[in-house]
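Just structure30.cif here, mmCIF, C-alpha atoms:
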```
data_data
loop_
_atom_site.group_PDB
_atom_site.id
_atom_site.type_symbol
_atom_site.label_atom_id
_atom_site.label_comp_id
_atom_site.auth_asym_id
_atom_site.auth_seq_id
_atom_site.Cartn_x
_atom_site.Cartn_y
_atom_site.Cartn_z
ATOM 1 C CA MET A 914 23.930 99.869 77.667
ATOM 2 C CA ARG A 915 25.281 96.561 76.491
ATOM 3 C CA VAL A 916 28.368 95.050 78.059
ATOM 4 C CA ALA A 917 29.948 94.744 74.607
ATOM 5 C CA GLN A 918 29.751 98.519 74.177
ATOM 6 C CA LEU A 919 31.478 99.088 77.504
ATOM 7 C CA VAL A 920 34.214 96.585 76.641
ATOM 8 C CA THR A 921 34.690 98.339 73.292
ATOM 9 C CA ALA A 922 34.970 101.689 75.072
ATOM 10 C CA ALA A 923 37.543 100.227 77.478
ATOM 11 C CA VAL A 924 39.634 98.751 74.645
ATOM 12 C CA SER A 925 39.498 102.035 72.730
ATOM 13 C CA GLY A 926 40.407 104.107 75.780
ATOM 14 C CA ALA A 927 43.297 101.772 76.595
ATOM 15 C CA LEU A 928 44.693 101.957 73.053
ATOM 16 C CA PHE A 929 44.358 105.742 73.205
ATOM 17 C CA GLY A 930 46.168 106.038 76.536
ATOM 18 C CA ALA A 931 48.955 103.699 75.409
ATOM 19 C CA GLY A 932 49.331 105.695 72.196
ATOM 20 C CA LEU A 933 49.637 108.985 74.061
ATOM 21 C CA TYR A 934 52.414 107.584 76.251
ATOM 22 C CA VAL A 935 54.315 105.712 73.517
ATOM 23 C CA SER A 936 54.229 108.773 71.234
ATOM 24 C CA GLN A 937 55.212 110.990 74.210
ATOM 25 C CA MET A 938 52.383 113.389 73.396
ATOM 26 C CA VAL A 939 51.754 113.130 77.138
ATOM 27 C CA ASP A 940 54.745 115.472 77.532
ATOM 28 C CA PRO A 941 53.609 119.118 77.229
ATOM 29 C CA LEU A 942 57.115 120.298 76.392
ATOM 30 C CA LYS A 943 57.371 117.880 73.458
ATOM 31 C CA VAL A 944 54.053 119.179 72.090
ATOM 32 C CA LEU A 945 55.243 122.777 72.484
ATOM 33 C CA ARG A 946 58.480 121.919 70.666
ATOM 34 C CA PHE A 947 56.334 120.945 67.687
ATOM 35 C CA LEU A 948 54.246 124.108 67.938
ATOM 36 C CA ASP A 949 57.407 126.242 68.143
ATOM 37 C CA PHE A 950 57.856 127.020 64.455
ATOM 38 C CA THR A 951 60.339 129.756 65.376
ATOM 39 C CA ALA A 952 62.822 126.911 65.982
ATOM 40 C CA ILE A 953 62.608 125.676 62.368
ATOM 41 C CA PRO A 954 65.392 127.965 61.060
ATOM 42 C CA THR A 955 67.712 127.000 63.920
ATOM 43 C CA GLY A 956 67.157 123.258 63.538
ATOM 44 C CA GLY A 957 65.616 122.923 66.997
ATOM 45 C CA TRP A 958 62.117 122.057 65.798
ATOM 46 C CA ASP A 959 60.634 118.682 66.814
ATOM 47 C CA PRO A 960 58.276 117.418 64.079
ATOM 48 C CA SER A 961 57.222 114.336 66.105
ATOM 49 C CA LEU A 962 53.594 115.441 66.560
ATOM 50 C CA ALA A 963 53.044 115.301 62.796
ATOM 51 C CA PHE A 964 54.375 111.730 62.849
ATOM 52 C CA VAL A 965 51.729 110.912 65.465
ATOM 53 C CA ILE A 966 48.690 112.522 63.918
ATOM 54 C CA VAL A 967 49.231 111.442 60.290
ATOM 55 C CA PRO A 968 49.270 107.658 60.964
ATOM 56 C CA ALA A 969 46.355 108.121 63.371
ATOM 57 C CA ILE A 970 44.336 109.861 60.632
ATOM 58 C CA LEU A 971 45.268 107.185 58.074
ATOM 59 C CA VAL A 972 44.162 104.306 60.334
ATOM 60 C CA MET A 973 40.907 106.093 61.138
ATOM 61 C CA PHE A 974 40.391 106.932 57.449
ATOM 62 C CA VAL A 975 40.476 103.201 56.637
ATOM 63 C CA ALA A 976 38.015 102.530 59.462
ATOM 64 C CA VAL A 977 35.643 105.204 58.136
ATOM 65 C CA GLN A 978 35.763 103.622 54.666
ATOM 66 C CA ILE A 979 35.014 100.191 56.155
ATOM 67 C CA GLY A 980 32.159 101.768 58.123
ATOM 68 C CA LYS A 981 30.625 103.139 54.931
ATOM 69 C CA ARG A 982 30.207 99.562 53.679
ATOM 70 C CA CYS A 983 28.381 98.568 56.866
ATOM 71 C CA GLN A 984 24.785 99.336 57.777
ATOM 72 C CA ALA A 985 25.717 99.987 61.384
ATOM 73 C CA PRO A 986 28.589 99.584 63.842
ATOM 74 C CA VAL A 987 28.965 96.133 65.401
ATOM 75 C CA PHE A 988 27.451 96.983 68.786
ATOM 76 C CA ASP A 989 25.041 99.828 68.064
ATOM 77 C CA ALA A 990 22.115 100.557 65.777
ATOM 78 C CA ARG A 991 23.753 103.445 63.929
ATOM 79 C CA PHE A 992 26.876 105.542 63.467
ATOM 80 C CA HIS A 993 26.602 108.662 65.632
ATOM 81 C CA GLU A 994 27.766 111.214 63.077
ATOM 82 C CA PRO A 995 28.201 114.747 64.449
ATOM 83 C CA ALA A 996 24.915 116.530 63.809
ATOM 84 C CA GLN A 997 26.405 119.862 62.801
ATOM 85 C CA THR A 998 27.761 120.506 59.332
ATOM 86 C CA ARG A 999 27.869 124.311 59.096
ATOM 87 C CA ILE A 1000 31.077 126.257 59.542
ATOM 88 C CA ASP A 1001 29.791 128.794 62.051
ATOM 89 C CA ALA A 1002 31.006 131.288 64.642
ATOM 90 C CA PRO A 1003 31.105 128.837 67.601
ATOM 91 C CA LEU A 1004 33.319 126.483 65.587
ATOM 92 C CA ILE A 1005 35.740 129.225 64.594
ATOM 93 C CA GLY A 1006 35.739 131.018 67.952
ATOM 94 C CA GLY A 1007 35.963 127.790 69.916
ATOM 95 C CA ALA A 1008 38.881 126.512 67.854
ATOM 96 C CA ALA A 1009 40.678 129.839 68.342
ATOM 97 C CA LEU A 1010 40.181 129.777 72.139
ATOM 98 C CA PHE A 1011 41.373 126.181 72.292
ATOM 99 C CA GLY A 1012 44.420 127.052 70.175
ATOM 100 C CA LEU A 1013 45.295 129.794 72.643
ATOM 101 C CA GLY A 1014 44.988 127.479 75.659
ATOM 102 C CA TRP A 1015 46.919 124.733 73.862
ATOM 103 C CA GLY A 1016 49.718 127.092 72.880
ATOM 104 C CA MET A 1017 49.971 128.410 76.457
ATOM 105 C CA SER A 1018 50.296 124.955 78.003
ATOM 106 C CA GLY A 1019 51.077 122.278 75.415
ATOM 107 C CA ILE A 1020 48.177 120.318 76.912
ATOM 108 C CA CYS A 1021 45.115 119.211 74.963
ATOM 109 C CA PRO A 1022 42.279 117.241 76.582
ATOM 110 C CA GLY A 1023 43.629 113.698 75.959
ATOM 111 C CA PRO A 1024 47.074 114.279 77.440
ATOM 112 C CA ALA A 1025 45.517 116.348 80.255
ATOM 113 C CA LEU A 1026 43.766 113.172 81.402
ATOM 114 C CA SER A 1027 46.719 110.893 80.623
ATOM 115 C CA LEU A 1028 48.889 113.053 82.862
ATOM 116 C CA ILE A 1029 46.771 112.087 85.891
ATOM 117 C CA THR A 1030 48.983 108.990 85.935
ATOM 118 C CA PHE A 1031 52.049 111.083 86.741
ATOM 119 C CA GLN A 1032 50.527 113.790 88.985
ATOM 120 C CA PRO A 1033 52.731 116.688 87.836
ATOM 121 C CA ASP A 1034 52.472 119.857 89.953
ATOM 122 C CA GLY A 1035 49.591 122.053 88.858
ATOM 123 C CA LEU A 1036 47.766 119.416 86.811
ATOM 124 C CA TRP A 1037 44.637 119.443 88.971
ATOM 125 C CA LEU A 1038 44.331 123.207 88.568
ATOM 126 C CA PHE A 1039 44.429 122.745 84.803
ATOM 127 C CA LEU A 1040 41.960 119.825 84.866
ATOM 128 C CA ILE A 1041 39.443 121.558 87.125
ATOM 129 C CA ALA A 1042 39.682 124.714 84.999
ATOM 130 C CA MET A 1043 39.211 122.616 81.835
ATOM 131 C CA PHE A 1044 36.128 121.002 83.336
ATOM 132 C CA VAL A 1045 34.696 124.369 84.408
ATOM 133 C CA GLY A 1046 35.411 125.804 80.953
ATOM 134 C CA SER A 1047 33.742 122.854 79.261
ATOM 135 C CA PHE A 1048 30.721 123.090 81.559
ATOM 136 C CA ALA A 1049 30.415 126.839 80.890
ATOM 137 C CA GLY A 1050 30.651 126.181 77.155
ATOM 138 C CA GLY A 1051 27.881 123.602 77.439
ATOM 139 C CA ILE A 1052 25.606 126.146 79.128
ATOM 140 C CA MET A 1053 26.390 128.747 76.452
ATOM 141 C CA LEU A 1054 25.527 126.260 73.715
ATOM 142 C CA ARG A 1055 22.379 124.868 75.294
ATOM 143 C CA PRO A 1056 19.870 127.115 73.506
ATOM 144 C CA ARG A 1057 21.437 126.112 70.175
ATOM 145 C CA LEU A 1058 21.284 122.371 70.713
ATOM 146 C CA LYS A 1059 18.360 120.608 69.178
ATOM 147 C CA GLU A 1060 19.403 117.186 70.360
ATOM 148 C CA LEU A 1061 21.445 116.205 73.386
ATOM 149 C CA PRO A 1062 24.262 113.694 72.908
ATOM 150 C CA ALA A 1063 22.929 110.216 73.565
ATOM 151 C CA MET B 522 68.731 120.395 70.521
ATOM 152 C CA ASN B 523 65.791 118.701 68.910
ATOM 153 C CA SER B 524 64.525 115.403 70.213
ATOM 154 C CA PHE B 525 62.787 114.058 67.119
ATOM 155 C CA THR B 526 61.355 110.569 67.729
ATOM 156 C CA PRO B 527 59.671 109.470 64.479
ATOM 157 C CA LEU B 528 59.392 105.742 65.231
ATOM 158 C CA THR B 529 57.723 105.924 68.632
ATOM 159 C CA ALA B 530 55.635 108.836 67.346
ATOM 160 C CA ALA B 531 54.326 106.753 64.432
ATOM 161 C CA LEU B 532 53.766 103.718 66.671
ATOM 162 C CA GLY B 533 51.871 105.809 69.203
ATOM 163 C CA GLY B 534 49.906 107.519 66.439
ATOM 164 C CA THR B 535 48.922 104.142 65.024
ATOM 165 C CA LEU B 536 47.635 103.116 68.470
ATOM 166 C CA VAL B 537 45.591 106.325 68.688
ATOM 167 C CA GLY B 538 44.214 105.635 65.192
ATOM 168 C CA LEU B 539 43.285 102.080 66.224
ATOM 169 C CA ALA B 540 41.575 103.471 69.328
ATOM 170 C CA ALA B 541 39.457 105.741 67.120
ATOM 171 C CA ALA B 542 38.775 102.874 64.671
ATOM 172 C CA VAL B 543 37.629 100.491 67.425
ATOM 173 C CA LEU B 544 35.215 103.037 68.905
ATOM 174 C CA TRP B 545 33.829 103.983 65.477
ATOM 175 C CA LEU B 546 33.353 100.479 64.062
ATOM 176 C CA GLY B 547 32.344 98.986 67.428
ATOM 177 C CA ASN B 548 30.041 101.608 68.902
ATOM 178 C CA GLY B 549 29.662 104.158 66.111
ATOM 179 C CA ARG B 550 31.171 106.833 68.333
ATOM 180 C CA ILE B 551 33.773 109.519 67.685
ATOM 181 C CA ALA B 552 36.860 109.154 69.905
ATOM 182 C CA GLY B 553 37.037 112.848 70.691
ATOM 183 C CA ILE B 554 38.388 113.335 74.171
ATOM 184 C CA SER B 555 36.862 116.761 74.775
ATOM 185 C CA GLY B 556 33.444 115.432 73.771
ATOM 186 C CA ILE B 557 33.760 112.295 75.894
ATOM 187 C CA PHE B 558 35.013 114.385 78.819
ATOM 188 C CA GLY B 559 32.509 117.212 78.339
ATOM 189 C CA ASN B 560 29.513 114.878 78.180
ATOM 190 C CA LEU B 561 30.421 112.901 81.312
ATOM 191 C CA LEU B 562 27.711 114.604 83.328
ATOM 192 C CA PRO B 563 24.015 114.973 82.551
ATOM 193 C CA PRO B 564 22.240 116.282 80.482
ATOM 194 C CA ALA B 565 23.979 113.801 78.145
ATOM 195 C CA HIS B 566 21.942 110.607 78.298
ATOM 196 C CA THR B 567 24.364 107.705 78.427
ATOM 197 C CA THR B 568 27.513 108.549 80.296
ATOM 198 C CA LEU B 569 28.808 105.182 81.551
ATOM 199 C CA TRP B 570 30.768 104.295 78.400
ATOM 200 C CA ARG B 571 32.477 107.682 78.556
ATOM 201 C CA ALA B 572 33.628 107.089 82.131
ATOM 202 C CA VAL B 573 34.849 103.592 81.190
ATOM 203 C CA PHE B 574 36.785 104.999 78.210
ATOM 204 C CA LEU B 575 38.505 107.672 80.327
ATOM 205 C CA VAL B 576 39.419 105.316 83.177
ATOM 206 C CA ALA B 577 40.908 102.884 80.640
ATOM 207 C CA LEU B 578 42.837 105.739 79.010
ATOM 208 C CA VAL B 579 44.455 106.785 82.290
ATOM 209 C CA ALA B 580 45.124 103.172 83.358
ATOM 210 C CA ALA B 581 46.756 102.317 80.017
ATOM 211 C CA THR B 582 49.014 105.359 80.240
ATOM 212 C CA TRP B 583 50.128 104.177 83.675
ATOM 213 C CA LEU B 584 50.681 100.604 82.495
ATOM 214 C CA THR B 585 52.684 101.523 79.390
ATOM 215 C CA ALA B 586 54.803 103.921 81.449
ATOM 216 C CA ARG B 587 55.545 101.048 83.844
ATOM 217 C CA ALA B 588 56.252 98.625 80.996
ATOM 218 C CA PHE B 589 58.357 100.954 78.827
ATOM 219 C CA PRO B 590 59.873 103.581 81.124
ATOM 220 C CA GLN B 591 62.781 104.136 78.728
ATOM 221 C CA LEU B 592 60.408 105.895 76.297
ATOM 222 C CA GLY B 593 60.589 109.070 78.309
ATOM 223 C CA VAL B 594 58.500 111.440 80.341
ATOM 224 C CA GLY B 595 56.506 109.787 83.060
ATOM 225 C CA GLY B 596 58.845 106.807 82.869
ATOM 226 C CA ALA B 597 62.548 107.604 82.881
ATOM 227 C CA LEU B 598 61.944 111.348 83.154
ATOM 228 C CA PRO B 599 59.660 113.251 85.505
ATOM 229 C CA ALA B 600 56.473 114.620 83.947
ATOM 230 C CA GLU B 601 56.249 118.381 84.351
ATOM 231 C CA LEU B 602 53.952 121.093 83.152
ATOM 232 C CA VAL B 603 55.588 124.006 81.356
ATOM 233 C CA ALA B 604 56.100 127.241 83.310
ATOM 234 C CA PRO B 605 54.813 130.574 81.970
ATOM 235 C CA PRO B 606 57.309 132.590 79.925
ATOM 236 C CA ALA B 607 60.099 134.139 81.951
ATOM 237 C CA GLY B 608 59.678 137.883 82.247
ATOM 238 C CA TRP B 609 55.872 137.856 82.042
ATOM 239 C CA SER B 610 55.661 137.649 85.852
ATOM 240 C CA VAL B 611 52.487 135.576 85.748
ATOM 241 C CA PRO B 612 52.282 132.997 88.560
ATOM 242 C CA MET B 613 52.165 129.447 87.217
ATOM 243 C CA PRO B 614 48.816 128.538 88.874
ATOM 244 C CA VAL B 615 47.156 131.553 87.223
ATOM 245 C CA TRP B 616 48.670 130.612 83.843
ATOM 246 C CA LEU B 617 47.460 127.009 84.155
ATOM 247 C CA VAL B 618 43.936 128.008 85.188
ATOM 248 C CA ILE B 619 43.623 130.393 82.222
ATOM 249 C CA ALA B 620 44.977 127.759 79.817
ATOM 250 C CA GLY B 621 42.651 125.119 81.265
ATOM 251 C CA LEU B 622 39.587 127.372 81.056
ATOM 252 C CA LEU B 623 40.379 128.265 77.434
ATOM 253 C CA THR B 624 40.947 124.617 76.530
ATOM 254 C CA GLY B 625 37.692 123.460 78.135
ATOM 255 C CA LEU B 626 35.596 126.336 76.803
ATOM 256 C CA GLY B 627 37.120 126.326 73.315
ATOM 257 C CA THR B 628 36.830 122.584 72.752
ATOM 258 C CA ARG B 629 33.235 122.592 73.968
ATOM 259 C CA ILE B 630 31.894 125.419 71.841
ATOM 260 C CA GLY B 631 34.122 124.416 68.913
ATOM 261 C CA ASN B 632 32.856 120.854 69.395
ATOM 262 C CA GLY B 633 36.208 119.097 69.291
ATOM 263 C CA CYS B 634 39.897 118.977 70.041
ATOM 264 C CA THR B 635 43.032 117.404 68.626
ATOM 265 C CA SER B 636 41.424 113.957 68.637
ATOM 266 C CA GLY B 637 37.821 114.699 67.661
ATOM 267 C CA HIS B 638 38.587 117.229 64.920
ATOM 268 C CA GLY B 639 42.264 116.413 64.347
ATOM 269 C CA VAL B 640 42.133 112.630 64.041
ATOM 270 C CA CYS B 641 38.491 111.617 63.560
ATOM 271 C CA GLY B 642 37.237 114.712 61.736
ATOM 272 C CA LEU B 643 40.065 114.850 59.207
ATOM 273 C CA ALA B 644 39.715 111.091 58.616
ATOM 274 C CA ARG B 645 36.008 111.660 57.907
ATOM 275 C CA LEU B 646 37.005 114.507 55.528
ATOM 276 C CA SER B 647 34.742 116.852 57.519
ATOM 277 C CA PRO B 648 34.972 120.459 56.300
ATOM 278 C CA ARG B 649 34.188 121.715 59.830
ATOM 279 C CA SER B 650 37.110 119.753 61.229
ATOM 280 C CA MET B 651 39.472 120.990 58.511
ATOM 281 C CA VAL B 652 38.612 124.577 59.459
ATOM 282 C CA ALA B 653 38.887 123.877 63.198
ATOM 283 C CA VAL B 654 42.253 122.127 62.854
ATOM 284 C CA ALA B 655 43.702 124.924 60.734
ATOM 285 C CA ILE B 656 42.549 127.489 63.303
ATOM 286 C CA PHE B 657 43.653 125.757 66.493
ATOM 287 C CA PHE B 658 47.035 124.750 65.083
ATOM 288 C CA GLY B 659 47.511 128.244 63.675
ATOM 289 C CA VAL B 660 46.571 130.001 66.903
ATOM 290 C CA ALA B 661 48.680 127.608 69.013
ATOM 291 C CA ILE B 662 51.736 128.115 66.785
ATOM 292 C CA PHE B 663 51.195 131.887 66.946
ATOM 293 C CA THR B 664 50.798 131.746 70.747
ATOM 294 C CA VAL B 665 54.052 129.803 71.188
ATOM 295 C CA ALA B 666 55.875 132.262 68.919
ATOM 296 C CA VAL B 667 54.560 135.298 70.821
ATOM 297 C CA THR B 668 55.083 133.933 74.336
ATOM 298 C CA GLY B 669 58.408 132.269 73.632
ATOM 299 C CA ILE B 670 57.329 129.691 76.202
ATOM 300 C CA VAL B 671 59.601 126.919 74.889
#
```
Will you turn the file into structure tokens for me?
Amino acid sequence: MRVAQLVTAAVSGALFGAGLYVSQMVDPLKVLRFLDFTAIPTGGWDPSLAFVIVPAILVMFVAVQIGKRCQAPVFDARFHEPAQTRIDAPLIGGAALFGLGWGMSGICPGPALSLITFQPDGLWLFLIAMFVGSFAGGIMLRPRLKELPA
Amino acid sequence: MNSFTPLTAALGGTLVGLAAAVLWLGNGRIAGISGIFGNLLPPAHTTLWRAVFLVALVAATWLTARAFPQLGVGGALPAELVAPPAGWSVPMPVWLVIAGLLTGLGTRIGNGCTSGHGVCGLARLSPRSMVAVAIFFGVAIFTVAVTGIV
């Protein structure tokens, strides 16, 4: 593991954490106010989340296009593209389970970690449960995996 | 009353996009928080960069909250998790554990969350991510409508 890769990971993580705070996606209630489409007719809907994710996608889209013109990333031998390409049952079922958890709490994995900064009541229960759920999912998937993440 | 914040949302979203761009062009890695989090422990082979990324994410949230407390929750306002819907008589710890388990399990077997599928996957025009995003947003919006949690 080269130092440059670790510095890159630190810079990326820092930008991510700053972005979650500045956009206020660290606030579960603000996320839920986006997901609450029943508030659209009454004018109480908060479309902010769309204004977060669209610029994020556009910036990353440009980066992906730049990457296509390069043989490899700056500090590694290759781009680690996700190995799977099929739309299968784990993808659909997993996304549905995540959507249920996200709709119950307004917390997705990034903000869950960001929130450690503020120590709200109950966060550690959520985080430990998220870790256990992820670990259980990893065990369920193990027979399917041909290659472990490097 | 809605609390729409398009400017800070777009600024924060741009930071998240830059975070994803730096990790992709620097290390050739997808900035998907559930994947980074879920592969912290063996059997994934190289875990140090993931730990560095997550520590930087939490530290940067703390720093930006200190620097710009007027932006909101965690700064000027206390950060709180959202209580289960009134009238469901589910204790909050139980609600949070279920939501956390679903989030961890779903993102692991679905191989991504709001960042991995939502930002990186859509920017890569991945059909799997398009399906996952449609499902988890749809289910989350449905969940919020049914529970009336907001």
Minimum-distance residue to chain B, chosen among A:Ala1008, A:Met938, A:Val944, A:Ala990 (using all atoms listed in the file):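 Result for the nearest residue to chain B: A:Ala1008.
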Residue IDs satisfying the PyMOL selection byres ((chain B and resi 527) around 10), as a count of residues only: 17
Contacts of stretch 546-614 of chain B with stretch 1028-1033 of chain A up to 7 Å, shortest pair per row, only C-alpha atoms, as JSON lines:
```
{"residue": "B:Val579", "atom": "CA", "partner": "A:Thr1030", "partner_atom": "CA", "distance": 6.2}
{"residue": "B:Thr582", "atom": "CA", "partner": "A:Thr1030", "partner_atom": "CA", "distance": 6.8}
{"residue": "B:Trp583", "atom": "CA", "partner": "A:Thr1030", "partner_atom": "CA", "distance": 5.4}
{"residue": "B:Gly595", "atom": "CA", "partner": "A:Phe1031", "partner_atom": "CA", "distance": 5.9}
{"residue": "B:Ala600", "atom": "CA", "partner": "A:Pro1033", "partner_atom": "CA", "distance": 5.8}
{"residue": "B:Glu601", "atom": "CA", "partner": "A:Pro1033", "partner_atom": "CA", "distance": 5.2}
{"residue": "B:Leu602", "atom": "CA", "partner": "A:Pro1033", "partner_atom": "CA", "distance": 6.5}
```
Shell of 9 Å around stretch 642-656 of chain B, only C-alpha atoms, local chain residues under 4 positions omitted, as a PyMOL selection string: (chain A and resi 969-978+997-1001+1004-1009+1012) or (chain B and resi 551+631+633-638+660-661)
Residue neighbourhood stretch 540-542 of chain B, 7 Å, only C-alpha atoms, exclusion window fewer than 2 positions, as a list in words: Ser925, Gly926, Leu928, Phe929, Met973 and Ala976 of chain A; Leu536, Val537, Gly538, Leu544, Trp545, Leu546, Ile551, Ala552 and Cys641 of chain B
Contacts of A:Gln918 at 8 Å (only C-alpha atoms; same-chain gap of 5+ positions) as number ranges by chain: A: 988-989; B: 547-548, 570
d(atom CA of A:Thr921, atom CA of B:Val573) in Å: 9.5 Å
Separation of atom CA of A:Val1045 from atom CA of B:Gly549 in Å: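 Calculated distance between atom CA of B:Gly549 and atom CA of A:Val1045 is 27.7 Å.
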